[in-house]
2 protein chains.
Amino acid sequence: MGLFSKDIAMLDDLFVHTLQDIYYAEHQITKALPKMIDKASNPQLKQGFETHLRETEGQIARLERVFEMHGEKPKQVDCPAIDGIIKEANEIAGDVADKAVLDAALIAAAQAVEHYEITRYGTLIAWAKQLGRDDCAAVLAETLAEEKSTDEKLTQMAETGANARAEQVTEPA
Amino acid sequence: MGLFSKDIAMLDDLFVHTLQDIYYAEHQITKALPKMIDKASNPQLKQGFETHLRETEGQIARLERVFEMHGEKPKQVDCPAIDGIIKEANEIAGDVADKAVLDAALIAAAQAVEHYEITRYGTLIAWAKQLGRDDCAAVLAETLAEEKSTDEKLTQMAETGANARAEQVTEPA
């Protein structure tokens, strides 16, 4: 969640800080996804990334709504976790020559991103409820449902199409 | 997954590389957990981290078994993702003064670690099956089950005890 500008004293501070953390993360994801769309070969995967890019833009708008509901201005704080996850995704995308194997690697990278979001939104929802902000929790839950659905679709692709093709292409005849 | 020493040509290369990535990650987690144990106040949370440290040691042994089954020597490669996740965990642990709020932050940090492991083991299992290595998949599935169980226990603590206490302690009377 990056270095804090002030110490965290209350659960409310932690909630706001984590909102800022995921707000930064979502912005980084909108920058990373176009590269992943370019690199993906499987049309279903390419399409999935395109859909997720649009969803991510909606998730940013939803976070801005939560900031506003909570009387805070939207703000980003550095998030070394998402930076590390995206760094890995870029490194792997640069190192895999075979298209089908690259697709398998892209799916894995995207799932790492999804799981980071799933854990942060899960935490934010628990804290919002604890703070008596069921209204914020409800908005955040919409995003969590989208992230889980995206992760499930990626799992399906990993278990069926993309990996099978990777195996087929790369195994010796 | 760090910089590659060679390009990834086949799904098998990707599988081995990701084994090396999570092997590094598990070692980093065994270094991070003792600090989290020290910082946790809630006895249930402290105990949970202690149990997970022992589990992580078992998971490392299990990874070594999978390397061996697959004819590879156990090896670590840098994993910027887990480094980033642990960096965030350390930063937050250093910045929260209130014990109950710190516990809530530690739970969130631990869940981010768990979700990284869940996604990587999920990917490894899918690839092992694709490669016809159901034997490796079965061993990895034991670890995945442990990670999911740990994450569920942390969710329970986040939704009940630890956060409620954080709220109680920090809200103005």
# chains A, B, ... in the order shown; residues from 1 in each chain; ligands from 1
>>> closest_atom_pairs(of="stretch 96-146 of chain A", to="stretch 56-78 of chain A", cutoff="8 Å", atoms="only C-alpha atoms", output="tab-separated table")
residue	atom	partner	partner_atom	distance
A:Cys136	CA	A:Val66	CA	5.7
A:Val139	CA	A:Arg62	CA	6.9
A:Leu140	CA	A:Arg62	CA	7.5
A:Thr143	CA	A:Gln59	CA	6.2
>>> select_by_dssp(residues="chain B", states="helix (DSSP H, G or I)", output="short mmCIF file (atom, residue, chain, number, x, y, z; two decimals) with C-alpha atoms, in the first residue's frame")
data_model
loop_
_atom_site.label_atom_id
_atom_site.label_comp_id
_atom_site.auth_asym_id
_atom_site.auth_seq_id
_atom_site.Cartn_x
_atom_site.Cartn_y
_atom_site.Cartn_z
CA LEU B 11 4.26 -25.11 -21.65
CA ASP B 12 6.62 -27.35 -19.71
CA ASP B 13 9.14 -24.48 -19.42
CA LEU B 14 6.39 -22.23 -18.12
CA PHE B 15 5.36 -24.88 -15.59
CA VAL B 16 8.92 -25.27 -14.27
CA HIS B 17 9.46 -21.52 -14.20
CA THR B 18 6.28 -20.99 -12.19
CA LEU B 19 7.32 -23.76 -9.79
CA GLN B 20 10.58 -21.82 -9.27
CA ASP B 21 8.59 -18.61 -8.79
CA ILE B 22 6.33 -20.03 -6.08
CA TYR B 23 9.30 -21.88 -4.51
CA TYR B 24 10.96 -18.46 -4.06
CA ALA B 25 7.66 -16.97 -2.84
CA GLU B 26 7.18 -19.68 -0.18
CA HIS B 27 10.70 -19.04 1.13
CA GLN B 28 10.00 -15.30 1.35
CA ILE B 29 6.78 -16.07 3.22
CA THR B 30 8.65 -18.14 5.82
CA LYS B 31 10.84 -15.06 6.39
CA ALA B 32 7.86 -12.67 6.60
CA LEU B 33 5.63 -14.72 8.90
CA PRO B 34 7.75 -14.56 12.08
CA LYS B 35 7.52 -10.73 11.93
CA MET B 36 3.75 -10.97 11.50
CA ILE B 37 3.54 -13.39 14.45
CA ASP B 38 5.46 -10.86 16.59
CA LYS B 39 3.19 -8.00 15.60
CA PRO B 43 -4.13 -14.71 20.14
CA GLN B 44 -6.25 -16.46 17.50
CA LEU B 45 -4.46 -14.51 14.75
CA LYS B 46 -1.01 -15.11 16.28
CA GLN B 47 -1.81 -18.82 16.50
CA GLY B 48 -3.12 -18.81 12.92
CA PHE B 49 0.14 -17.31 11.64
CA GLU B 50 2.16 -19.87 13.63
CA THR B 51 0.15 -22.71 12.11
CA HIS B 52 0.61 -21.20 8.65
CA LEU B 53 4.37 -20.95 9.14
CA ARG B 54 4.53 -24.69 9.81
CA GLU B 55 2.22 -25.33 6.84
CA THR B 56 4.45 -23.19 4.61
CA GLU B 57 7.46 -25.31 5.57
CA GLY B 58 5.45 -28.37 4.53
CA GLN B 59 4.51 -26.66 1.28
CA ILE B 60 8.17 -26.04 0.49
CA ALA B 61 8.87 -29.75 1.03
CA ARG B 62 5.92 -30.57 -1.23
CA LEU B 63 7.32 -28.29 -3.97
CA GLU B 64 10.66 -30.06 -3.68
CA ARG B 65 8.80 -33.34 -4.21
CA VAL B 66 7.15 -31.96 -7.36
CA PHE B 67 10.49 -30.72 -8.73
CA GLU B 68 11.92 -34.18 -8.17
CA MET B 69 8.88 -35.96 -9.71
CA PRO B 80 8.55 -9.32 -8.01
CA ALA B 81 4.88 -10.00 -7.19
CA ILE B 82 5.49 -11.60 -3.80
CA ASP B 83 8.24 -9.07 -3.08
CA GLY B 84 5.71 -6.27 -3.66
CA ILE B 85 3.01 -7.95 -1.58
CA ILE B 86 5.41 -8.49 1.35
CA LYS B 87 6.79 -4.95 0.99
CA GLU B 88 3.24 -3.62 1.43
CA ALA B 89 2.69 -5.87 4.42
CA ASN B 90 5.87 -4.59 6.10
CA GLU B 91 5.04 -0.98 5.37
CA ILE B 92 1.58 -1.22 6.84
CA ALA B 93 2.82 -3.12 9.89
CA GLY B 94 5.26 -0.29 10.53
CA ASP B 95 2.67 2.43 10.23
CA LYS B 99 -2.92 -2.95 18.17
CA ALA B 100 -6.44 -3.84 17.03
CA VAL B 101 -6.15 -1.81 13.83
CA LEU B 102 -2.75 -3.41 13.23
CA ASP B 103 -4.35 -6.85 13.52
CA ALA B 104 -6.93 -5.86 10.87
CA ALA B 105 -4.08 -4.68 8.61
CA LEU B 106 -2.11 -7.90 9.20
CA ILE B 107 -5.13 -10.00 8.24
CA ALA B 108 -5.52 -8.01 5.01
CA ALA B 109 -1.80 -8.43 4.24
CA ALA B 110 -1.93 -12.16 4.93
CA GLN B 111 -4.96 -12.54 2.66
CA ALA B 112 -3.10 -10.80 -0.18
CA VAL B 113 -0.31 -13.35 0.27
CA GLU B 114 -2.81 -16.24 0.34
CA HIS B 115 -4.51 -15.06 -2.84
CA TYR B 116 -1.17 -14.87 -4.64
CA GLU B 117 -0.52 -18.46 -3.66
CA ILE B 118 -4.05 -19.56 -4.58
CA THR B 119 -3.74 -18.14 -8.09
CA ARG B 120 -0.27 -19.60 -8.72
CA TYR B 121 -1.13 -23.08 -7.42
CA GLY B 122 -4.39 -22.99 -9.43
CA THR B 123 -2.38 -22.21 -12.57
CA LEU B 124 0.24 -24.87 -11.80
CA ILE B 125 -2.44 -27.53 -11.31
CA ALA B 126 -4.12 -26.64 -14.64
CA TRP B 127 -0.76 -26.80 -16.45
CA ALA B 128 0.31 -30.04 -14.74
CA LYS B 129 -2.92 -31.71 -15.92
CA GLN B 130 -2.42 -30.34 -19.45
CA ASP B 134 -1.77 -35.65 -12.80
CA ASP B 135 0.66 -36.92 -10.14
CA CYS B 136 2.21 -33.45 -9.78
CA ALA B 137 -1.24 -31.86 -9.91
CA ALA B 138 -2.39 -34.04 -7.00
CA VAL B 139 0.52 -32.94 -4.78
CA LEU B 140 0.00 -29.27 -5.68
CA ALA B 141 -3.72 -29.64 -4.96
CA GLU B 142 -2.92 -30.54 -1.33
CA THR B 143 -1.21 -27.17 -0.93
CA LEU B 144 -4.01 -25.31 -2.74
CA ALA B 145 -6.54 -26.79 -0.31
CA GLU B 146 -4.42 -25.58 2.65
CA GLU B 147 -4.11 -22.07 1.19
CA LYS B 148 -7.86 -21.82 0.60
CA SER B 149 -8.57 -23.02 4.12
CA THR B 150 -6.14 -20.43 5.57
CA ASP B 151 -7.78 -17.69 3.50
CA GLU B 152 -11.24 -18.70 4.75
CA LYS B 153 -10.07 -18.62 8.37
CA LEU B 154 -8.62 -15.13 7.79
CA THR B 155 -11.90 -13.99 6.21
CA GLN B 156 -13.75 -15.23 9.28
CA MET B 157 -11.39 -13.30 11.55
CA ALA B 158 -11.72 -10.20 9.33
CA GLU B 159 -15.51 -10.37 9.44
CA GLY B 161 -13.31 -10.67 15.86
CA ALA B 162 -10.37 -8.64 14.77
CA ASN B 163 -12.15 -5.89 12.86
CA ALA B 164 -14.87 -5.52 15.46
CA ARG B 165 -12.21 -4.93 18.07
CA ALA B 166 -10.39 -2.46 15.79
CA GLU B 167 -13.62 -0.52 15.39
CA GLN B 168 -14.41 -0.60 19.10
CA VAL B 169 -10.99 0.62 20.12
CA THR B 170 -10.70 3.41 17.60
#
>>> closest_residue(among="A:Val96, A:Thr160, A:Ser41, A:Gly132", to="chain B", atoms="only C-alpha atoms")
A:Val96
>>> atom_distance(atom1="atom CA of B:Ala97", atom2="atom CA of A:Arg133")
23.6 Å
